[in-house]
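In what follows, a structure is listed as structure tokens, so that the remarks can point back to it.
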Amino acid sequence: MSTRLATGGRLLDRSRRCDFTFNGRRMQGHPGDTLASALLANGQMMVGRSFKYHRPRGIVASGAEEPNALVGLGEGARFEPNQRATTTELFDGLTCVSQNHWPSLDFDIGAVNTAVARFLPAGFYYKMFIHPRPFWKHVYEPFIRQSAGLGRASNPGDPDRYEHFHFFCDVAVIGGGVAGLQAALTAAEAGAKVLLMEQTAHWGGRAPVDGGDIDGQPVADWIAATLARLQAMPNVTLRNRCMGAGVYDHGYALGYERVADHTPGTDAPRHRLWRIRAGQIVTATGAIERPLSFAGNDIPGVMLAGAVRDYAVDYGVSIGDRTVVVTNNDDAYRTAITLKKLGLDIPVILDARQSGGGALADEARGMGIRVESGKGIAKVKGGRRVTGVAICAQAGEGAALEEIACDAVAMSGGWSPVVHLWSHCGGKLIWDEARAHFRPDPANPPRGAQGEAFVVPAGAANGAGDLASVVADAHAAGQAAARATGHKPRGKAPEAGTSPEAAMEPVWLMPQGAGVKLRMKAWLDYQNDVKVSDVQLAAREGYESVEHAKRYTTLGMATDQGKLSNINGLAILSDALNQPIPQTGTTTFRPPYTPISFSAIAGAARGPLFQPVRKTPMHSWHEANGADFEPVGQWRRPYCYPRGEEGRVEAVAREIRQTRQSLGLLDASTLGKIIVKGPDAGRFLDMLYTNMMSTLRPGKCRYGLMCNENGFLMDDGVVARLDEDTFLCHTTTGGAEAIHGHMEDWLQCEWWDWKVYTANVTEQYAQVGVAGPNSRKVLQKLTGDDISAEALPFMGWSEITVAGIAARVFRISFAGELSFELSVPASHGRALWEALLEAGEEFGVMPYGTEAMHVMRAEKGFIMIGDETDGTVIPQDLGLDWAISKKKADYIGKRAQERSHMADPSRWKLVGLETLDGSTLPDGAYATAAGHNANGQRHVQGRVTSTYHSPTLGRGIAMGLVLHGPDRMGEVLDFPKLDGGIVKARIVDPVFYDKDGEKQNV
Amino acid sequence: MLILTCPCCGTTGEETEFHQGGEAHLVRHGPGSTDDDFHTYMFARENPKGAHFERWRHNYGCGKWFIMARDTVTLEVYGTYPAQTHEPPQHIRERVTAKRPGWTWRDVA
Amino acid sequence: MSEAVTPLNGARYEGLAIIADAGLSGMITLRGDLSSKEVKAAVKQAVGLGIPAQRQALTGQATAVLWMSPDELLLICAYDGVAETIAALEEALKGQHFLAHNVSDARAYLHVSGAGARETLAKLCPVDLAPHAFTPGMVRRTRLAQIPAAFWLEDRGVFHLICFRSVADYAFTLLKTAALPGGEVGVYR
């Protein structure tokens, strides 16, 4: 049983206690514990069940590479699944639950899968669930969904706060171990601005566990001293609990700072995402120990040798009383020696190397530990806990030579540099034959904006072995980074102790001739339950590419992304394919290094800040008066203003009736307004619009259409000529920024010699549409200026003073009534709105929303960009030939409209549609034609583009595009509905109301 | 995420402050042009593995369009220059040549 | 005439930084040939200041001139003095190709000040706000979370920030959230 030792634990504050619960059981730990060390201290070895076979699983590692110890952390809205216990700092009051079992961790129904594991090999799901096809939707998919997924999703409504932070530096050092500290110090002393990030709460990494001297100081003292030096430097920023999550193009990196995970309930943001731009990035990310592949290597109690040592030294936790050490390298001997010194029993060290270990092996023997060379584990005994091992010759097939009782196994298959961040942005790897690992290829680094190398690996992450070479390599990395950012490095690397070790020997399978029964119990990927036999099967079935084998077996696809399993897996694959490991290569390393929270990625963009909401100057009035808003782009516009118990339909009908009969007000402030000025402004607008704008006289307005170079209609609006040199172009609500950009594009990139300036003044003005037969009367109450039909005719504009506010008034109409559009400085918008409401009271004035506006324009047969157009419609389709100048040699889109398909008479054209039964056509409905196409679908001959119930006419009206439509007036078309019925509609003129325009022109 | 330096205002900023606007140095073909010329102008685009010339707008900044020579494989930026330029400037071509001897892009080399 | 109302209507928040509505201010977009002597003279006459260098601001008595782009300046003056200032510009630039337009009402104008001002902005803008990197007199047009914004730093350490009027609430709430207590990053020293 794992337990807390009476002494030790360099990271613990034993004077204080933290209470926490695991699956409801009360447990105790100390500040400084990780959740994993605290669970182990409480004897909780088994922490979860595996994904596929639901096998009991224990803690394997002590850091970010942990595949098994995933828990659901917290409660209620703060519940989070799949949190790694090894990287979760313990705090008082922590609660967590284990995952992937039912009904309980100790007794789990799904564990039956392990009994039938022989029938659930790699690719089982692919093969099993492909036939018969119809079973997929109703049988297989529900079944797979039921059993898929790891952990359960948290409740919506995260109560915490998250934020981003943009940071710029010369050198970002990722990893705060000895290498990171040294690299940061070297770069900082050269004068570089340095950011040093460490993912855990502690500086110095694993070095203090193994000891040694730097500059004659014990390594722990050197770490403290170096940290103090860095803290004192103004050009250094230190960040612990901050993981380098990813490295991207041009020196961009993400840091994931867990600001308050360990102090819930404070006012700090929980996570902060650092968006870092660095000249150079030093990856001092250390190395990860590899498991060995022997039968039963997943039984709780089997742990990485380095992790066993970490738990003993850092947290004063022993994994078991009797620990068998099994290794292919010298480092694992340190675990045996450490445990022995703590008074724990080491029954045997199994060294798979025939020639055995070096000096460390001698030291172990000297302590009286039995060391067996050329031996390995045939099989681990036990179910929920290790009870013993059967040992065998590594060279053989697994015949047990001896059984040894033990309650823990410490394994080491060698160390792999953490090359993830080096690789994220294209850094290549080379295979180091001697150490049997991939390390960064210095000839192929990630390259930045100038083609320069911008990532420098340092220390163990660069394949360095002992302390001396780690420190020397890190110093060199710090120098390189400083030099690359224009600084002059000084000084020498500190001296550190060396510890000669015997060469490791790669061991990919233990014993090397293990038969199929053993291989089926030799786990590669703990979290996704992938075994040696699965990878071999994938190779046999033709999945030879490492990327294919990964997906077929799911090796490395779990939340740990194969940190423990990838190298072992691809070694097995290489062996099965009989090719060298470098030829197999690795799968792609992708950010983030370990999972980061979605909330951190979102940052402040949630709730009311999810996206910008644009508000007009009258917005607060609309809000206060019960407007029912709809989004139009990022604007919020009143859809209607319901009164009392009114629904939307009644409110819209009332607003339309009142506008047509008397007086309505529309907040039209969202319309785009662009000033176009200069001697070439008219010539420019002639190119921009399909019709002629240069002939417009000052004081007049003209409706215009704008196409893109492809010929398709993109925007429309009214242009007013302000003076000889100046035009004011109105755009659609959604189009203001895009059209302004479109204008600047042509002016800057095509006609840069034309003298034209533009300015987007959309938000300078509040705009109010005053519409209805009484609109002139209400305006006359508020102005002394002449607004008679003679002084201000239809499609004219002038400057007047309304309610004491300087305004432009445009005689334009989208409702088809006598209308005035008033434009005033936005700061006076609400004042104007209220003045109009007050003055209009005697006429029963009503504000109307966007829906009433839409219905009224449809009654008039006016098109709407985005309804009648969809990016494939040209003005000619909409019968707008009158707005296309025949005189102009050129305009944007003209050449495209001459292409054969654009000039094809069989293009669908705009018509009005009137249902025979007075109902409203479904939006987007298609008109069917005789016959079927090659896919067995009905032929179609038109579609609905706009459809409304018209309260004015008391019936449904619609517009649509129909084949030869304008030539087929009076014909009746069939429009199938979603419910299977058919609506019959007659083709009519699209202008339903006031066909001669008498009402607007008075 | 790229870093771009706007040649119009001198700001060096990240990609989110800019907007990519497709291939640069297109020659407009309007009314009177042949179908082939118009088709080429409108639709035919390079798809180089190597140096490419793209239009970018500094839309969160000075609002100006400019042209960036960028390597589509390494993302190396060979330089930026004003949009009021008919063809890649000599010094930019030389930088490309130094990295990619024998390169071509449309009829530029 | 009615009282002009700013979109933030005097809003103010004090947290790690002070976020405050800067009140009504006259703003004029001036586009033209910034190197010409006519524009130089016109600006001098209108607001009493010269043409700032690229991405710089010049500040005078209640006026300022900001370099916005190679052919655009933003002139700042009293809200009530805009018509007069534009008239002065138009008079001085008669016959020249230029555009001068009132944009006073198109903007929300905020002051961000206090010890946490730099960090507050650095949470929202992809800009190096370290004291050695962003110095008084600089103007930066950039992205404030999801909206365009521009800010400049005056000598007394106050950031002046403008964005479009319609997103005033969004900008204020963003800045306020970034300045909430507990969110100190502690990197600028």
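By order of appearance in the structure tokens: chains A, B, ..., then residues from 1 within every chain, and ligands from 1 in the order shown.
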Worksheet item: Would you list which chain C residues are within 7 Å of chain B using only C-alpha atoms, as a list in words?
Response: Gln54, Met68, Ser69, Pro70, Arg141, Thr142, Arg143 and Pro148 of chain C
Please produce a file of the residues just selected, as a compact mmCIF listing (two decimals), in the first residue's frame, where the atoms kept are C-alpha atoms.
```txt
# COMPACT_ATOMS: atom_id res chain seq x y z
CA GLN C 54 4.33 59.15 -38.26
CA MET C 68 -3.73 58.43 -38.33
CA SER C 69 -2.41 57.36 -41.73
CA PRO C 70 -0.12 58.76 -44.41
CA ARG C 141 -4.54 52.27 -34.05
CA THR C 142 -5.24 48.67 -33.24
CA ARG C 143 -7.71 46.02 -32.16
CA PRO C 148 -11.06 48.83 -33.87
```
Just the alpha helix (DSSP H) stuff from stretch 10-108 of chain C, please, per backbone DSSP, written as a JSON list (two decimals) with N, CA and C atoms, in the first residue's frame.
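New file selection11.json:
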```json
[["chain", "number", "residue", "atom", "x", "y", "z"],
["C", 37, "LYS", "N", 2.62, 72.35, -47.88],
["C", 37, "LYS", "CA", 2.69, 73.53, -47.01],
["C", 37, "LYS", "C", 1.29, 74.05, -46.72],
["C", 38, "GLU", "N", 0.36, 73.82, -47.64],
["C", 38, "GLU", "CA", -1.01, 74.29, -47.43],
["C", 38, "GLU", "C", -1.65, 73.58, -46.24],
["C", 39, "VAL", "N", -1.50, 72.25, -46.20],
["C", 39, "VAL", "CA", -2.09, 71.50, -45.09],
["C", 39, "VAL", "C", -1.42, 71.90, -43.78],
["C", 40, "LYS", "N", -0.12, 72.02, -43.84],
["C", 40, "LYS", "CA", 0.62, 72.41, -42.64],
["C", 40, "LYS", "C", 0.10, 73.75, -42.11],
["C", 41, "ALA", "N", -0.06, 74.69, -43.02],
["C", 41, "ALA", "CA", -0.53, 76.01, -42.62],
["C", 41, "ALA", "C", -1.96, 75.95, -42.11],
["C", 42, "ALA", "N", -2.77, 75.15, -42.75],
["C", 42, "ALA", "CA", -4.18, 75.05, -42.36],
["C", 42, "ALA", "C", -4.32, 74.48, -40.96],
["C", 43, "VAL", "N", -3.55, 73.43, -40.67],
["C", 43, "VAL", "CA", -3.61, 72.80, -39.35],
["C", 43, "VAL", "C", -3.12, 73.79, -38.29],
["C", 44, "LYS", "N", -2.07, 74.47, -38.64],
["C", 44, "LYS", "CA", -1.51, 75.47, -37.71],
["C", 44, "LYS", "C", -2.58, 76.52, -37.38],
["C", 45, "GLN", "N", -3.25, 76.96, -38.42],
["C", 45, "GLN", "CA", -4.23, 78.01, -38.22],
["C", 45, "GLN", "C", -5.45, 77.49, -37.45],
["C", 46, "ALA", "N", -5.83, 76.25, -37.74],
["C", 46, "ALA", "CA", -7.06, 75.70, -37.15],
["C", 46, "ALA", "C", -6.88, 75.34, -35.68],
["C", 47, "VAL", "N", -5.79, 74.65, -35.34],
["C", 47, "VAL", "CA", -5.63, 74.18, -33.95],
["C", 47, "VAL", "C", -4.30, 74.61, -33.33],
["C", 82, "VAL", "N", -16.06, 72.97, -33.43],
["C", 82, "VAL", "CA", -15.80, 72.17, -34.62],
["C", 82, "VAL", "C", -16.15, 72.91, -35.90],
["C", 83, "ALA", "N", -17.34, 73.51, -35.92],
["C", 83, "ALA", "CA", -17.79, 74.16, -37.16],
["C", 83, "ALA", "C", -16.81, 75.26, -37.55],
["C", 84, "GLU", "N", -16.39, 76.00, -36.54],
["C", 84, "GLU", "CA", -15.45, 77.10, -36.76],
["C", 84, "GLU", "C", -14.10, 76.55, -37.27],
["C", 85, "THR", "N", -13.65, 75.46, -36.65],
["C", 85, "THR", "CA", -12.36, 74.89, -37.05],
["C", 85, "THR", "C", -12.43, 74.35, -38.47],
["C", 86, "ILE", "N", -13.53, 73.68, -38.80],
["C", 86, "ILE", "CA", -13.67, 73.16, -40.16],
["C", 86, "ILE", "C", -13.72, 74.31, -41.16],
["C", 87, "ALA", "N", -14.43, 75.37, -40.77],
["C", 87, "ALA", "CA", -14.51, 76.54, -41.66],
["C", 87, "ALA", "C", -13.11, 77.11, -41.90],
["C", 88, "ALA", "N", -12.31, 77.15, -40.84],
["C", 88, "ALA", "CA", -10.94, 77.66, -40.98],
["C", 88, "ALA", "C", -10.13, 76.77, -41.91],
["C", 89, "LEU", "N", -10.30, 75.46, -41.76],
["C", 89, "LEU", "CA", -9.57, 74.53, -42.63],
["C", 89, "LEU", "C", -10.00, 74.72, -44.08],
["C", 90, "GLU", "N", -11.30, 74.81, -44.28],
["C", 90, "GLU", "CA", -11.81, 74.92, -45.65],
["C", 90, "GLU", "C", -11.34, 76.21, -46.31],
["C", 91, "GLU", "N", -11.29, 77.25, -45.51],
["C", 91, "GLU", "CA", -10.84, 78.53, -46.04],
["C", 91, "GLU", "C", -9.36, 78.42, -46.43],
["C", 92, "ALA", "N", -8.58, 77.83, -45.52],
["C", 92, "ALA", "CA", -7.14, 77.75, -45.76],
["C", 92, "ALA", "C", -6.79, 76.79, -46.89]]
```
Discussion item. Considering only strand (DSSP E or B) as DSSP defines it on the backbone, what residues of stretch 102-174 of chain C qualify? List them as a ChimeraX atom specification.
Written reply: /C:102,107-113,138-144,147-153,159-164
Give me, as a compact mmCIF listing (two decimals) with N, CA and C atoms, in the first residue's frame, the contact residues of chain B against chain A at a cut-off of 10 Å, counting only C-alpha atoms.
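The resulting file, result_37.txt, is shown below:
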```
# COMPACT_ATOMS: atom_id res chain seq x y z
N MET B 1 0.69 32.44 -36.24
CA MET B 1 0.13 33.73 -36.59
C MET B 1 1.25 34.67 -37.04
N LEU B 2 1.08 35.21 -38.22
CA LEU B 2 2.14 35.99 -38.84
C LEU B 2 2.35 37.35 -38.15
N ILE B 3 3.51 37.90 -38.37
CA ILE B 3 3.78 39.30 -38.04
C ILE B 3 3.90 40.04 -39.37
N LEU B 4 3.28 41.19 -39.47
CA LEU B 4 3.38 41.97 -40.69
C LEU B 4 3.84 43.38 -40.34
N GLU B 14 0.43 42.02 -35.37
CA GLU B 14 0.12 40.62 -35.63
C GLU B 14 -0.99 40.51 -36.66
N GLY B 21 -6.08 40.00 -48.75
CA GLY B 21 -6.97 40.36 -49.86
C GLY B 21 -6.64 39.68 -51.17
N ALA B 24 -1.77 39.57 -55.54
CA ALA B 24 -1.41 40.93 -55.93
C ALA B 24 -1.06 41.02 -57.41
N HIS B 25 -0.92 42.24 -57.87
CA HIS B 25 -0.45 42.53 -59.23
C HIS B 25 -1.37 41.96 -60.31
N LEU B 26 -2.67 41.91 -60.03
CA LEU B 26 -3.60 41.50 -61.08
C LEU B 26 -3.79 42.69 -62.03
N VAL B 27 -3.93 42.39 -63.30
CA VAL B 27 -4.18 43.45 -64.27
C VAL B 27 -5.65 43.40 -64.65
N ARG B 28 -6.34 44.52 -64.41
CA ARG B 28 -7.78 44.53 -64.63
C ARG B 28 -8.12 44.46 -66.12
N HIS B 29 -9.10 43.61 -66.42
CA HIS B 29 -9.65 43.55 -67.78
C HIS B 29 -11.11 43.91 -67.69
N GLY B 30 -11.49 45.03 -68.28
CA GLY B 30 -12.87 45.50 -68.23
C GLY B 30 -13.59 45.24 -69.54
N PRO B 31 -14.66 46.01 -69.78
CA PRO B 31 -15.42 45.85 -71.02
C PRO B 31 -14.51 45.95 -72.24
N GLY B 32 -14.77 45.11 -73.22
CA GLY B 32 -13.94 45.10 -74.43
C GLY B 32 -12.86 44.04 -74.38
N SER B 33 -12.62 43.47 -73.22
CA SER B 33 -11.60 42.44 -73.14
C SER B 33 -12.17 41.10 -73.61
N THR B 34 -11.27 40.20 -73.97
CA THR B 34 -11.73 38.89 -74.42
C THR B 34 -12.18 38.06 -73.23
N ASP B 35 -12.96 37.03 -73.49
CA ASP B 35 -13.41 36.14 -72.42
C ASP B 35 -12.21 35.52 -71.71
N PHE B 38 -10.53 38.09 -69.46
CA PHE B 38 -11.36 38.37 -68.29
C PHE B 38 -11.33 37.19 -67.32
N HIS B 39 -11.42 36.01 -67.88
CA HIS B 39 -11.38 34.81 -67.05
C HIS B 39 -10.07 34.74 -66.25
N MET B 42 -10.09 37.39 -63.53
CA MET B 42 -11.07 37.16 -62.46
C MET B 42 -10.78 35.90 -61.66
N PHE B 43 -10.36 34.86 -62.33
CA PHE B 43 -10.36 33.55 -61.68
C PHE B 43 -9.02 32.83 -61.63
N ARG B 55 -2.01 40.71 -51.49
CA ARG B 55 -2.51 41.99 -51.02
C ARG B 55 -2.93 41.86 -49.56
N ARG B 57 -4.49 44.36 -46.17
CA ARG B 57 -4.93 45.69 -45.73
C ARG B 57 -4.73 45.81 -44.23
N ASN B 59 -6.28 46.81 -41.74
CA ASN B 59 -7.65 47.28 -41.50
C ASN B 59 -7.93 47.68 -40.06
N GLY B 63 -5.51 51.52 -42.35
CA GLY B 63 -6.50 51.30 -43.40
C GLY B 63 -5.93 51.17 -44.79
N LYS B 64 -4.60 51.19 -44.89
CA LYS B 64 -4.00 51.15 -46.22
C LYS B 64 -3.76 49.72 -46.69
N TRP B 65 -3.87 49.56 -48.00
CA TRP B 65 -3.51 48.30 -48.65
C TRP B 65 -2.02 48.30 -48.94
N PHE B 66 -1.42 47.13 -48.87
CA PHE B 66 -0.03 46.99 -49.29
C PHE B 66 0.18 45.58 -49.82
N ILE B 67 1.37 45.31 -50.28
CA ILE B 67 1.65 43.99 -50.85
C ILE B 67 2.76 43.34 -50.02
N ARG B 70 5.69 36.69 -49.54
CA ARG B 70 5.73 35.74 -48.43
C ARG B 70 6.01 34.36 -49.01
N ASP B 71 6.70 33.55 -48.27
CA ASP B 71 6.97 32.19 -48.72
C ASP B 71 5.88 31.27 -48.16
N THR B 74 7.73 28.27 -45.92
CA THR B 74 8.45 28.60 -44.68
C THR B 74 7.82 29.77 -43.93
N LEU B 75 6.89 30.46 -44.58
CA LEU B 75 6.26 31.67 -44.03
C LEU B 75 7.25 32.83 -43.88
N GLU B 76 8.41 32.67 -44.45
CA GLU B 76 9.35 33.80 -44.42
C GLU B 76 8.75 34.98 -45.19
N VAL B 77 8.94 36.16 -44.62
CA VAL B 77 8.45 37.37 -45.28
C VAL B 77 9.62 38.02 -46.00
N TYR B 78 9.50 38.13 -47.30
CA TYR B 78 10.60 38.72 -48.09
C TYR B 78 10.50 40.24 -48.11
N GLY B 79 9.34 40.75 -47.69
CA GLY B 79 9.20 42.20 -47.62
C GLY B 79 7.79 42.64 -47.91
N PRO B 82 4.30 49.21 -51.00
CA PRO B 82 3.01 49.86 -51.24
C PRO B 82 2.21 49.19 -52.36
N ALA B 83 0.90 49.31 -52.25
CA ALA B 83 0.02 48.71 -53.25
C ALA B 83 0.13 49.41 -54.60
N GLN B 84 0.66 50.64 -54.58
CA GLN B 84 0.75 51.40 -55.83
C GLN B 84 2.02 51.00 -56.59
N THR B 85 2.12 49.72 -56.86
CA THR B 85 3.32 49.15 -57.47
C THR B 85 2.84 48.12 -58.50
N HIS B 86 3.34 48.21 -59.71
CA HIS B 86 2.83 47.33 -60.76
C HIS B 86 3.43 45.93 -60.74
N LYS B 99 17.01 33.14 -51.38
CA LYS B 99 16.48 31.98 -50.66
C LYS B 99 16.02 30.87 -51.60
```
Worksheet item: So what do you get for atom CA of A:Ser499 versus atom CA of A:Asp210, distance-wise?
Response: 11.0 Å
List as JSON lines every residue of chain A that is in contact with chain C, defined as an atom at most 6 Å from one of its atoms (using only C-alpha atoms), together with the nearest atom pair and the distance in Å rounded to one decimal, sorted by chain and then rising number.
```
{"residue": "A:His164", "atom": "CA", "partner": "C:Lys123", "partner_atom": "CA", "distance": 5.2}
{"residue": "A:Phe165", "atom": "CA", "partner": "C:Lys123", "partner_atom": "CA", "distance": 4.2}
{"residue": "A:His166", "atom": "CA", "partner": "C:Ala122", "partner_atom": "CA", "distance": 5.4}
{"residue": "A:Phe168", "atom": "CA", "partner": "C:Asp128", "partner_atom": "CA", "distance": 5.9}
{"residue": "A:Asp267", "atom": "CA", "partner": "C:Gly182", "partner_atom": "CA", "distance": 5.0}
{"residue": "A:Ala268", "atom": "CA", "partner": "C:Gly182", "partner_atom": "CA", "distance": 4.0}
{"residue": "A:Pro269", "atom": "CA", "partner": "C:Gly183", "partner_atom": "CA", "distance": 6.0}
{"residue": "A:Pro612", "atom": "CA", "partner": "C:Tyr170", "partner_atom": "CA", "distance": 5.8}
{"residue": "A:Arg614", "atom": "CA", "partner": "C:Ser166", "partner_atom": "CA", "distance": 4.6}
{"residue": "A:Lys615", "atom": "CA", "partner": "C:Ser166", "partner_atom": "CA", "distance": 4.7}
{"residue": "A:Thr616", "atom": "CA", "partner": "C:Ser166", "partner_atom": "CA", "distance": 5.9}
{"residue": "A:Glu763", "atom": "CA", "partner": "C:Ala106", "partner_atom": "CA", "distance": 4.4}
{"residue": "A:Gln764", "atom": "CA", "partner": "C:Ala106", "partner_atom": "CA", "distance": 3.8}
{"residue": "A:Gly804", "atom": "CA", "partner": "C:Met1", "partner_atom": "CA", "distance": 4.3}
{"residue": "A:Ile805", "atom": "CA", "partner": "C:Met1", "partner_atom": "CA", "distance": 5.5}
{"residue": "A:Ala826", "atom": "CA", "partner": "C:Asp105", "partner_atom": "CA", "distance": 5.3}
{"residue": "A:Ser827", "atom": "CA", "partner": "C:Ala4", "partner_atom": "CA", "distance": 4.8}
{"residue": "A:His828", "atom": "CA", "partner": "C:Ala4", "partner_atom": "CA", "distance": 5.3}
```
Worksheet item: How many Å separate atom CA of A:Tyr848 from atom CA of A:Asp923?
Response: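 We find that atom CA of A:Tyr848 and atom CA of A:Asp923 lie 22.4 Å from each other.
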Worksheet item: Which polymer residues have any atom within 12 Å of an atom of stretch 933-938 of chain A, counting only C-alpha atoms, with same-chain residues fewer than 4 positions away left out, as an MDAnalysis selection string?
Response: chainID A and resid 926:929 974:976
Worksheet, complete the sentence: note - atom CA of A:Gly279 and atom CA of B:Gln90 are separated by 27.8 Å
